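What follows is a short report on a single structure.
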Amino acid sequence: MTEPNLSDLDALVAVASSRSFRGAAKLRGVSASSLSDAIRRLEERVGVRLLNRTTRSVTPTEAGTRLLERLTPALGEITGALDALNSFRDSPTGTLKLNVPGIVAQRVLSPIVNAFLTAYPGITLEVSTNDTFIDVLAAGFDAGIRYDESIELDMIAVPIGPRRQRFICVAAPAYIEKHGAPRHPKDLLEHACIRHRFASGAVASWEFERDGELVKVNPTGPLIASTMELEYGAAIAGLGIICTFEEFLQEGLASGALLPVMPEWWQSFSGPFLYYPSRNHMPTPLRAFVDFIKSGRDQRT
């Protein structure tokens with residue numbers, strides 16, 4: 001048996017954790033073919049099959065499971081040992097991998113990232129977007145950012161960015177002039193609405209709240225998309241009512257291209273949290289980021 005290289009072993013952990021070459025490739029920012037090649041090389045070197053592959057899933061074989069049981073903590077120890085060298089440097093170095101929702105990447109992280117990387121020029125930040133909750137450690141990330149209802153109890157959570165956010169409804173003046181404005185959330189069922197489909201395939205219900213009354217509706221309309229720019233453009237064009245994060249719609253509201261719809265029903269919620277698993281050794285780049293957030297230098301609002 002020839003000695004396997006570390007990157008191929010790391011690829012095995014990534015694919016086994018994601019149960020998919022494509023999923024692991026997306027999370028790691030590499031091609032699925034490169035991961036497939038790495039697994040093929042590894043299996044050739046160790047002389048046994050490590051993964052069972054079907055058109056629907058990828059699962060470890062018995063040999064692969066036994067290897068992963070010892071390999072995963074061992075790779076963590078190697079990473080920790082290398083990261084310990086940071087204590088001998090004047091400024092931390094290394095890579096910090098974050099997994100965040102699209103809204104956070106587009107509207108929350110920018111000022112935080114700019115200030116953080118200016119303060120820590122030796123750190124490289126990798127940001128991947130994903131709107132579903134994942135096991136960040138198993139997927140190869142140091143930490144994630146999610147909203148509190150999505151964070152597991154065994155995770156450490158640190159507030160990051162704005163502490164209150166809102167979902168708001170708006171429409172173009174031309175739409176309201178032609179179709180009128182709904183007065184109650186249930187009226188949306190008679191209107192054309194522009195909706196968002198998440199990467200998971202789900203199309204979320206719209207929720208509204210006023211004086212303790214919570215109303216959930218599933219409206220219909222001419223467009224369901226997974227790209228906010230397309231949805232925003234359709235709303236500006238007067239194709240329907242849109243309901244989403246306030247941050248996405250501020251420019252249209254400020255210019256008058258979009259008008260508020262049922263503002264008394266707009267629902268607010270707590271802002272996002274940085275979350276990461278509790279463990280004895282926290283990677284130095286993550287420690288620097290957590291300390292930076294806790295110091296208030298993240299320019300939260």
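Chain labels follow the order of the structure tokens: the first chain is A, the next B, and so on; residue numbering restarts at 1 in every chain, and ligands are counted from 1 in their shown order.
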| query | Counting only C-alpha atoms, what is within 7 Å of Ile242 of chain A, bar same-chain residues fewer than 5 positions away, as a list in words? | reply | Cys169, Val170, Ala171, Cys193, Ile194, Arg195 and Ala235 of chain A
Output as a Markdown table one row per residue of segment 89-195 of chain A within 12 Å of segment 5-10 of chain A: the closest atom pair and its distance in Å to one decimal place, counting only C-alpha atoms, sorted by chain and residue number ascending.
| residue | atom | partner | partner_atom | distance |
| --- | --- | --- | --- | --- |
| A:Ala138 | CA | A:Asp10 | CA | 11.2 |
| A:Ala139 | CA | A:Asp10 | CA | 10.9 |
| A:Gly140 | CA | A:Asp10 | CA | 9.1 |
Those residues you just picked out, can you put them in a file as a CSV table (one decimal), in the first residue's frame with N, CA, C and O atoms?
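Below is the file that was written, selection_20.csv:
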chain,number,residue,atom,x,y,z
A,138,ALA,N,-18.8,19.3,10.2
A,138,ALA,CA,-18.7,18.2,9.3
A,138,ALA,C,-18.6,18.6,7.8
A,138,ALA,O,-18.0,17.9,7.0
A,139,ALA,N,-19.1,19.8,7.5
A,139,ALA,CA,-19.0,20.2,6.1
A,139,ALA,C,-17.7,21.0,5.8
A,139,ALA,O,-17.5,21.4,4.7
A,140,GLY,N,-16.8,21.1,6.8
A,140,GLY,CA,-15.5,21.7,6.6
A,140,GLY,C,-15.4,23.2,6.8
A,140,GLY,O,-14.5,23.8,6.4
| task | Mind listing the helix (DSSP H, G or I) residues of segment 182-296 of chain A, per DSSP on the backbone, as number ranges by chain? | result | A: 185-190, 228-236, 246-255, 263-265, 284-294
| Could you work out how far atom CA of Arg56 of chain A lies from atom CA of Ala199 of chain A, giving the answer in Å with one decimal? | 17.6 Å
| said: I'd like the neighbourhood of Asp154 of chain A as a PyMOL selection string, where a residue qualifies if any of its atoms comes within 10 Å (using only C-alpha atoms), though same-chain residues fewer than 5 positions away should be ignored. | reply: chain A and resi 275-278
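Atom to atom, atom CA of Lys26 of chain A and atom CA of Met282 of chain A stand 24.3 Å apart.
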| task | Pick out the closest residue to Thr72 of chain A from this set: A:Leu259, A:Val104, A:Leu12, A:Ala38. Count only C-alpha atoms. | result |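 When distances to Thr72 of chain A are compared using only C-alpha atoms, the smallest one comes from A:Leu12.
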| field | Nearest candidate to Glu126 of chain A (options A:Thr95, A:Ser150, A:Gln106, A:Ser17; using only C-alpha atoms) | value | A:Thr95
| request: Please provide the set of residues having any atom within 8 Å of segment 155-166 of chain A, restricted to only C-alpha atoms, with same-chain residues fewer than 5 positions apart removed, written as a ChimeraX atom specification. | output: /A:108-109,112,245-246,266-278,290,293-294,298-301
| task | Write out as JSON, numbers by chain each polymer residue whose atoms come within 6 Å of Leu98 of chain A, counting only C-alpha atoms; drop sequence neighbours fewer than 3 positions from it. | result | {"A": [127, 141, 143, 144]}
The selected residues should be written to file as a PDB file, in the first residue's frame (atoms: C-alpha atoms).
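Just written: out_17.pdb:
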ATOM      1  CA  VAL A 127     -17.513  32.772   2.566  1.00  0.00           C
ATOM      2  CA  PHE A 141     -16.414  25.136   7.862  1.00  0.00           C
ATOM      3  CA  ALA A 143     -18.445  28.599  11.722  1.00  0.00           C
ATOM      4  CA  GLY A 144     -21.773  29.596  10.249  1.00  0.00           C
TER       5      GLY A 144
END
| Nearest residue to Arg41 of chain A from the set A:Glu152, A:Glu69, A:Glu3, A:Glu62 (distances using only C-alpha atoms) |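 Among the listed residues, the smallest separation from Arg41 of chain A belongs to A:Glu3.
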